[in-house]
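Chemist: structure31.pdb (PDB, C-alpha atoms) pasted underneath:
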ATOM      1  CA  MET A  26       8.304  21.435 -36.688  1.00  0.00           C
ATOM      2  CA  TYR A  27       7.987  18.226 -34.726  1.00  0.00           C
ATOM      3  CA  ALA A  28       4.215  18.371 -35.238  1.00  0.00           C
ATOM      4  CA  GLN A  29       4.792  18.021 -38.984  1.00  0.00           C
ATOM      5  CA  ARG A  30       6.729  14.796 -38.398  1.00  0.00           C
ATOM      6  CA  LYS A  31       3.809  13.415 -36.353  1.00  0.00           C
ATOM      7  CA  ALA A  32       6.218  12.546 -33.570  1.00  0.00           C
ATOM      8  CA  PRO A  33       4.571  11.719 -30.237  1.00  0.00           C
ATOM      9  CA  HIS A  34       6.991  13.991 -28.396  1.00  0.00           C
ATOM     10  CA  ALA A  35       9.135  17.067 -28.886  1.00  0.00           C
ATOM     11  CA  PRO A  36      12.757  16.597 -29.864  1.00  0.00           C
ATOM     12  CA  ARG A  37      14.995  16.346 -26.838  1.00  0.00           C
ATOM     13  CA  SER A  38      18.032  18.434 -26.220  1.00  0.00           C
ATOM     14  CA  HIS A  39      21.266  16.521 -25.780  1.00  0.00           C
ATOM     15  CA  ALA A  40      22.934  19.396 -23.941  1.00  0.00           C
ATOM     16  CA  GLY A  41      21.657  18.375 -20.491  1.00  0.00           C
ATOM     17  CA  ARG A  42      22.996  14.822 -20.324  1.00  0.00           C
ATOM     18  CA  GLY A  43      24.471  15.386 -16.851  1.00  0.00           C
ATOM     19  CA  PHE A  44      21.344  14.539 -14.839  1.00  0.00           C
ATOM     20  CA  ARG A  45      19.811  11.109 -15.114  1.00  0.00           C
ATOM     21  CA  PRO A  46      17.406   9.918 -12.442  1.00  0.00           C
ATOM     22  CA  ALA A  47      18.163   6.542 -10.928  1.00  0.00           C
ATOM     23  CA  PRO A  48      16.192   3.717 -12.500  1.00  0.00           C
ATOM     24  CA  ILE A  49      13.305   2.561 -10.350  1.00  0.00           C
ATOM     25  CA  ARG A  50      13.927  -0.906  -8.932  1.00  0.00           C
ATOM     26  CA  ALA A  51      11.107  -1.134  -6.420  1.00  0.00           C
ATOM     27  CA  ARG A  52       7.961   0.670  -5.333  1.00  0.00           C
ATOM     28  CA  VAL A  53       7.548   1.092  -1.578  1.00  0.00           C
ATOM     29  CA  GLY A  54       4.682   2.523   0.431  1.00  0.00           C
ATOM     30  CA  LEU A  55       5.183   5.815   2.262  1.00  0.00           C
ATOM     31  CA  ALA A  56       2.860   5.857   5.279  1.00  0.00           C
ATOM     32  CA  MET A  57       1.491   9.401   5.204  1.00  0.00           C
ATOM     33  CA  ARG A  58       1.183  10.949   8.661  1.00  0.00           C
ATOM     34  CA  ARG A  59       0.323  14.462   9.791  1.00  0.00           C
ATOM     35  CA  SER A  60       3.449  16.606  10.194  1.00  0.00           C
ATOM     36  CA  MET A  61       5.550  13.741   8.851  1.00  0.00           C
ATOM     37  CA  ASN A  62       9.316  14.128   8.653  1.00  0.00           C
ATOM     38  CA  PHE A  63      12.424  11.975   8.585  1.00  0.00           C
ATOM     39  CA  GLY A  64      13.801  13.121  11.924  1.00  0.00           C
ATOM     40  CA  SER A  65      17.550  13.666  11.905  1.00  0.00           C
ATOM     41  CA  MET A  66      17.792  12.401   8.298  1.00  0.00           C
ATOM     42  CA  PRO A  67      16.078  15.193   6.342  1.00  0.00           C
ATOM     43  CA  ASP A  68      17.593  13.935   3.071  1.00  0.00           C
ATOM     44  CA  ALA A  69      16.204  10.401   3.516  1.00  0.00           C
ATOM     45  CA  GLU A  70      13.654  10.701   0.724  1.00  0.00           C
ATOM     46  CA  SER A  71      16.272  11.734  -1.847  1.00  0.00           C
ATOM     47  CA  VAL A  72      18.654   8.996  -0.657  1.00  0.00           C
ATOM     48  CA  MET A  73      15.969   6.342  -1.138  1.00  0.00           C
ATOM     49  CA  ARG A  74      15.066   7.701  -4.586  1.00  0.00           C
ATOM     50  CA  ALA A  75      18.742   7.785  -5.579  1.00  0.00           C
ATOM     51  CA  HIS A  76      18.956   4.088  -4.699  1.00  0.00           C
ATOM     52  CA  GLY A  77      16.040   3.171  -6.978  1.00  0.00           C
ATOM     53  CA  LEU A  78      13.034   3.273  -4.663  1.00  0.00           C
ATOM     54  CA  SER A  79       9.808   4.876  -5.804  1.00  0.00           C
ATOM     55  CA  LEU A  80       7.820   6.188  -2.835  1.00  0.00           C
ATOM     56  CA  ALA A  81       4.069   5.660  -3.178  1.00  0.00           C
ATOM     57  CA  PRO A  82       2.018   7.746  -0.721  1.00  0.00           C
ATOM     58  CA  MET A  83      -0.154   5.450   1.364  1.00  0.00           C
ATOM     59  CA  ALA A  84      -3.010   6.609   3.586  1.00  0.00           C
ATOM     60  CA  VAL A  85      -2.985   5.425   7.184  1.00  0.00           C
ATOM     61  CA  GLY A  86      -5.991   7.038   8.780  1.00  0.00           C
ATOM     62  CA  GLU A  87      -7.576   9.847   6.788  1.00  0.00           C
ATOM     63  CA  GLY A  88      -7.794   9.600   2.978  1.00  0.00           C
ATOM     64  CA  GLY A  89      -5.231  12.247   2.113  1.00  0.00           C
ATOM     65  CA  LEU A  90      -3.069  14.894   3.708  1.00  0.00           C
ATOM     66  CA  SER A  91      -2.277  18.520   3.217  1.00  0.00           C
ATOM     67  CA  LEU A  92       1.460  19.098   3.586  1.00  0.00           C
ATOM     68  CA  GLY A  93       2.692  22.667   3.403  1.00  0.00           C
ATOM     69  CA  GLY A  94      -0.433  23.739   1.549  1.00  0.00           C
ATOM     70  CA  THR A  95      -0.149  20.914  -0.982  1.00  0.00           C
ATOM     71  CA  SER A  96      -2.717  18.124  -0.984  1.00  0.00           C
ATOM     72  CA  VAL A  97      -1.237  14.658  -1.262  1.00  0.00           C
ATOM     73  CA  LEU A  98      -3.561  11.869  -2.304  1.00  0.00           C
ATOM     74  CA  PRO A  99      -2.667   8.243  -1.691  1.00  0.00           C
ATOM     75  CA  THR A 100      -1.576   6.151  -4.670  1.00  0.00           C
ATOM     76  CA  ALA A 101      -1.165   2.939  -2.666  1.00  0.00           C
ATOM     77  CA  GLN A 102      -3.059   1.101   0.026  1.00  0.00           C
ATOM     78  CA  ALA A 103      -2.349  -1.617   2.574  1.00  0.00           C
ATOM     79  CA  SER A 104      -3.700  -4.304   0.244  1.00  0.00           C
ATOM     80  CA  ASP A 105      -0.806  -3.498  -2.135  1.00  0.00           C
ATOM     81  CA  LEU A 106       1.516  -4.917   0.524  1.00  0.00           C
ATOM     82  CA  ASP A 107      -0.508  -8.162   0.503  1.00  0.00           C
ATOM     83  CA  SER A 108      -0.388  -8.466  -3.288  1.00  0.00           C
ATOM     84  CA  GLY A 109       3.336  -7.730  -3.501  1.00  0.00           C
ATOM     85  CA  ALA A 110       2.847  -4.550  -5.546  1.00  0.00           C
ATOM     86  CA  LEU A 111       4.746  -2.723  -2.798  1.00  0.00           C
ATOM     87  CA  LYS A 112       8.138  -4.188  -1.931  1.00  0.00           C
ATOM     88  CA  GLY A 113       8.481  -2.399   1.401  1.00  0.00           C
ATOM     89  CA  LEU A 114       7.098   0.242   3.724  1.00  0.00           C
ATOM     90  CA  VAL A 115       8.531   3.569   4.877  1.00  0.00           C
ATOM     91  CA  VAL A 116       7.291   4.874   8.245  1.00  0.00           C
ATOM     92  CA  PRO A 117       8.309   8.491   8.838  1.00  0.00           C
ATOM     93  CA  ALA A 118       7.979  10.329  12.133  1.00  0.00           C
ATOM     94  CA  GLY A 119       4.713  12.167  12.563  1.00  0.00           C
ATOM     95  CA  ALA A 120       1.473  12.502  14.439  1.00  0.00           C
ATOM     96  CA  ALA A 121      -1.530  10.255  14.095  1.00  0.00           C
ATOM     97  CA  ASP A 122      -4.815   9.754  15.860  1.00  0.00           C
ATOM     98  CA  GLU A 123      -5.970   6.487  17.397  1.00  0.00           C
ATOM     99  CA  ALA A 124      -7.503   5.261  14.124  1.00  0.00           C
ATOM    100  CA  GLY A 125      -4.352   6.268  12.262  1.00  0.00           C
ATOM    101  CA  ASP A 126      -2.178   4.375  14.744  1.00  0.00           C
ATOM    102  CA  ALA A 127      -4.294   1.256  14.240  1.00  0.00           C
ATOM    103  CA  ALA A 128      -4.093   1.590  10.440  1.00  0.00           C
ATOM    104  CA  LEU A 129      -0.325   2.143  10.642  1.00  0.00           C
ATOM    105  CA  ALA A 130       0.109  -0.916  12.872  1.00  0.00           C
ATOM    106  CA  ASP A 131      -1.950  -2.943  10.376  1.00  0.00           C
ATOM    107  CA  ALA A 132       0.229  -1.807   7.451  1.00  0.00           C
ATOM    108  CA  ILE A 133       3.424  -2.609   9.363  1.00  0.00           C
ATOM    109  CA  SER A 134       2.106  -6.063  10.278  1.00  0.00           C
ATOM    110  CA  ARG A 135       1.094  -6.739   6.673  1.00  0.00           C
ATOM    111  CA  ALA A 136       4.521  -5.714   5.363  1.00  0.00           C
ATOM    112  CA  CYS A 137       6.338  -7.959   7.829  1.00  0.00           C
ATOM    113  CA  ALA A 138       3.949 -10.854   7.161  1.00  0.00           C
ATOM    114  CA  LYS A 139       4.883 -10.670   3.451  1.00  0.00           C
ATOM    115  CA  GLY A 140       8.604 -10.438   4.284  1.00  0.00           C
ATOM    116  CA  ALA A 141       8.822  -6.849   3.025  1.00  0.00           C
ATOM    117  CA  PRO A 142      11.302  -4.606   4.852  1.00  0.00           C
ATOM    118  CA  VAL A 143      10.082  -1.648   6.901  1.00  0.00           C
ATOM    119  CA  LEU A 144      12.207   1.508   7.059  1.00  0.00           C
ATOM    120  CA  ALA A 145      11.243   3.638  10.077  1.00  0.00           C
ATOM    121  CA  PHE A 146      12.462   7.131  10.993  1.00  0.00           C
ATOM    122  CA  GLY A 147      12.385   9.213  14.188  1.00  0.00           C
ATOM    123  CA  GLU A 148       9.166   8.600  16.144  1.00  0.00           C
ATOM    124  CA  GLY A 149       8.230   6.020  13.507  1.00  0.00           C
ATOM    125  CA  VAL A 150      10.877   3.692  14.974  1.00  0.00           C
ATOM    126  CA  ALA A 151       8.965   3.299  18.250  1.00  0.00           C
ATOM    127  CA  ALA A 152       5.623   3.014  16.430  1.00  0.00           C
ATOM    128  CA  THR A 153       7.002   0.280  14.165  1.00  0.00           C
ATOM    129  CA  LEU A 154       8.560  -1.754  16.954  1.00  0.00           C
ATOM    130  CA  ARG A 155       5.443  -1.328  19.112  1.00  0.00           C
ATOM    131  CA  ALA A 156       3.257  -2.622  16.242  1.00  0.00           C
ATOM    132  CA  LEU A 157       5.481  -5.691  15.969  1.00  0.00           C
ATOM    133  CA  GLY A 158       5.544  -6.300  19.730  1.00  0.00           C
ATOM    134  CA  ARG A 159       9.289  -5.725  19.952  1.00  0.00           C
ATOM    135  CA  PRO A 160      11.167  -3.664  22.532  1.00  0.00           C
ATOM    136  CA  ALA A 161      12.051  -0.167  21.345  1.00  0.00           C
ATOM    137  CA  GLY A 162      14.598   0.479  24.110  1.00  0.00           C
ATOM    138  CA  PRO A 163      17.722  -0.717  22.263  1.00  0.00           C
ATOM    139  CA  PHE A 164      16.847   1.551  19.318  1.00  0.00           C
ATOM    140  CA  ALA A 165      15.684   4.644  21.236  1.00  0.00           C
ATOM    141  CA  ASP A 166      18.647   6.727  20.013  1.00  0.00           C
ATOM    142  CA  ALA A 167      18.715   5.400  16.440  1.00  0.00           C
ATOM    143  CA  PRO A 168      17.624   7.997  13.852  1.00  0.00           C
ATOM    144  CA  ALA A 169      16.217   5.161  11.726  1.00  0.00           C
ATOM    145  CA  VAL A 170      15.915   1.377  11.595  1.00  0.00           C
ATOM    146  CA  VAL A 171      15.198  -1.244   8.991  1.00  0.00           C
ATOM    147  CA  VAL A 172      13.087  -4.222  10.060  1.00  0.00           C
ATOM    148  CA  SER A 173      13.479  -7.256   7.859  1.00  0.00           C
ATOM    149  CA  GLY A 174      12.058 -10.517   9.128  1.00  0.00           C
ATOM    150  CA  ASP A 175      13.213 -10.987  12.723  1.00  0.00           C
ATOM    151  CA  ASP A 176      16.164  -8.637  12.243  1.00  0.00           C
ATOM    152  CA  VAL A 177      16.077  -4.999  13.385  1.00  0.00           C
ATOM    153  CA  GLN A 178      19.070  -3.014  12.198  1.00  0.00           C
ATOM    154  CA  PRO A 179      19.787   0.605  13.202  1.00  0.00           C
ATOM    155  CA  LEU A 180      20.610   3.068  10.430  1.00  0.00           C
ATOM    156  CA  ALA A 181      22.985   5.730  11.711  1.00  0.00           C
ATOM    157  CA  ASP A 182      23.368   7.891   8.605  1.00  0.00           C
ATOM    158  CA  ALA A 183      22.497   8.389   4.929  1.00  0.00           C
ATOM    159  CA  GLU A 184      25.146   5.889   3.839  1.00  0.00           C
ATOM    160  CA  ALA A 185      23.584   3.116   5.945  1.00  0.00           C
ATOM    161  CA  LEU A 186      20.144   4.120   4.651  1.00  0.00           C
ATOM    162  CA  GLY A 187      21.397   3.928   1.067  1.00  0.00           C
ATOM    163  CA  ALA A 188      22.791   0.443   1.662  1.00  0.00           C
ATOM    164  CA  ALA A 189      19.473  -0.696   3.166  1.00  0.00           C
ATOM    165  CA  ALA A 190      17.498   0.861   0.305  1.00  0.00           C
ATOM    166  CA  GLY A 191      19.787  -0.865  -2.201  1.00  0.00           C
ATOM    167  CA  ARG A 192      18.816  -4.263  -0.788  1.00  0.00           C
ATOM    168  CA  ILE A 193      15.089  -3.743  -1.466  1.00  0.00           C
ATOM    169  CA  HIS A 194      13.925  -5.254  -4.736  1.00  0.00           C
TER     170      HIS A 194
END
Just dump the structure as structure tokens.

Modeler:
Amino acid sequence: MYAQRKAPHAPRSHAGRGFRPAPIRARVGLAMRRSMNFGSMPDAESVMRAHGLSLAPMAVGEGGLSLGGTSVLPTAQASDLDSGALKGLVVPAGAADEAGDAALADAISRACAKGAPVLAFGEGVAATLRALGRPAGPFADAPAVVVSGDDVQPLADAEALGAAAGRIH
């Protein structure tokens, strides 16, 4: 029947009003790495989305990745950090080759040069701090960190991650 009304969409049911996704406040780059994960914070992606961050896959190294049989193509690139289209960078744990490490270091440097925060998880913490020429020792046991300007702050749990994600805009 909605086709007869020439409506651009089907009528929506009002029965399922319980779920509403969080409004998107900022788009951040997600540095795609082989076997990427969020270390001891497996729910990190959903926490960031719940706090209004849209994660844009970003290639560091090869053009795309296959994760669990699903191909993921990049929707962002390092130049989006320069232009301000991305408001931050997320560096998960994961493997990379030498070219991928160089591309990741470049993306981290670009984000920090623009004043955009970098959220790093697991092995990504050491990679991020190494790219910035900072000592990783004090944060060796941290499951995640947020780097903003000259400040490096450890994130111990999902609540701290949510607070850090809420500050990105």

Chemist: Kindly indicate which residue among A:Met61, A:Met73, A:Ala167, A:Leu80 lies nearest to A:Gly119, using only C-alpha atoms for the distances.

Modeler: A:Met61

Chemist: Care to translate the PyMOL selection byres ((chain A and resi 74) around 10) into actual residues of this file, as a PDB file with C-alpha atoms, in the frame of the given file?

Modeler:
ATOM      1  CA  PRO A  46      17.406   9.918 -12.442  1.00  0.00           C
ATOM      2  CA  ALA A  47      18.163   6.542 -10.928  1.00  0.00           C
ATOM      3  CA  PRO A  48      16.192   3.717 -12.500  1.00  0.00           C
ATOM      4  CA  ILE A  49      13.305   2.561 -10.350  1.00  0.00           C
ATOM      5  CA  ARG A  50      13.927  -0.906  -8.932  1.00  0.00           C
ATOM      6  CA  ALA A  51      11.107  -1.134  -6.420  1.00  0.00           C
ATOM      7  CA  ALA A  69      16.204  10.401   3.516  1.00  0.00           C
ATOM      8  CA  GLU A  70      13.654  10.701   0.724  1.00  0.00           C
ATOM      9  CA  SER A  71      16.272  11.734  -1.847  1.00  0.00           C
ATOM     10  CA  VAL A  72      18.654   8.996  -0.657  1.00  0.00           C
ATOM     11  CA  MET A  73      15.969   6.342  -1.138  1.00  0.00           C
ATOM     12  CA  ALA A  75      18.742   7.785  -5.579  1.00  0.00           C
ATOM     13  CA  HIS A  76      18.956   4.088  -4.699  1.00  0.00           C
ATOM     14  CA  GLY A  77      16.040   3.171  -6.978  1.00  0.00           C
ATOM     15  CA  LEU A  78      13.034   3.273  -4.663  1.00  0.00           C
ATOM     16  CA  SER A  79       9.808   4.876  -5.804  1.00  0.00           C
ATOM     17  CA  LEU A  80       7.820   6.188  -2.835  1.00  0.00           C
ATOM     18  CA  GLY A 187      21.397   3.928   1.067  1.00  0.00           C
ATOM     19  CA  ALA A 190      17.498   0.861   0.305  1.00  0.00           C
TER      20      ALA A 190
END

Chemist: Given the PyMOL selection byres ((chain A and resi 126) around 12) and the file above, list the residues it selects as a PyMOL selection string.

Modeler: chain A and resi 56-59+84-87+116+119-125+127-133+149+151-153+155-156

Chemist: Give the centre and edge lengths of an axis-aligned box, in Å to one decimal, that holds all listed atoms of stretch 97-110 of chain A with 4 Å on each side, as JSON.

Modeler:
{"center_x": -0.2, "center_y": 3.1, "center_z": -1.5, "size_x": 15.0, "size_y": 31.1, "size_z": 16.1}

Chemist: State, in Å with one decimal place, the distance from atom CA of A:Ser108 to atom CA of A:Val172.

Modeler: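 Atom CA of A:Val172 lies 19.4 Å from atom CA of A:Ser108.
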
Chemist: How far is it from atom CA of A:Arg135 to atom CA of A:Asp107, in Å with one decimal?

Modeler: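 About the pair atom CA of A:Arg135 and atom CA of A:Asp107: they are 6.5 Å apart.
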
Chemist: For A:Val53, which of A:Gly94, A:Pro82, A:Pro168, A:Gly191 is the closest residue, counting all atoms listed in the file?

Modeler: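 Checking each candidate against A:Val53, we get A:Pro82 as the closest.
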
Chemist: So which residues touch stretch 109-114 of chain A within 6 Å, counting only C-alpha atoms, skipping near sequence neighbours fewer than 5 positions away, as JSON, numbers by chain?

Modeler: {"A": [52, 53, 54, 141, 142, 143]}

Chemist: What do you get, as a list in words, if you spell out every residue that the PyMOL selection byres ((chain A and resi 144) around 6) selects here?

Modeler: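 When the PyMOL selection byres ((chain A and resi 144) around 6) is applied, the selected residues are Val115, Val143, Ala145, Val170 and Val171 of chain A.
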
Chemist: In Å, with one decimal, what is the gap from atom CA of A:Ala188 to atom CA of A:Arg45?

Modeler: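 Separation between atom CA of A:Ala188 and atom CA of A:Arg45: 20.1 Å.
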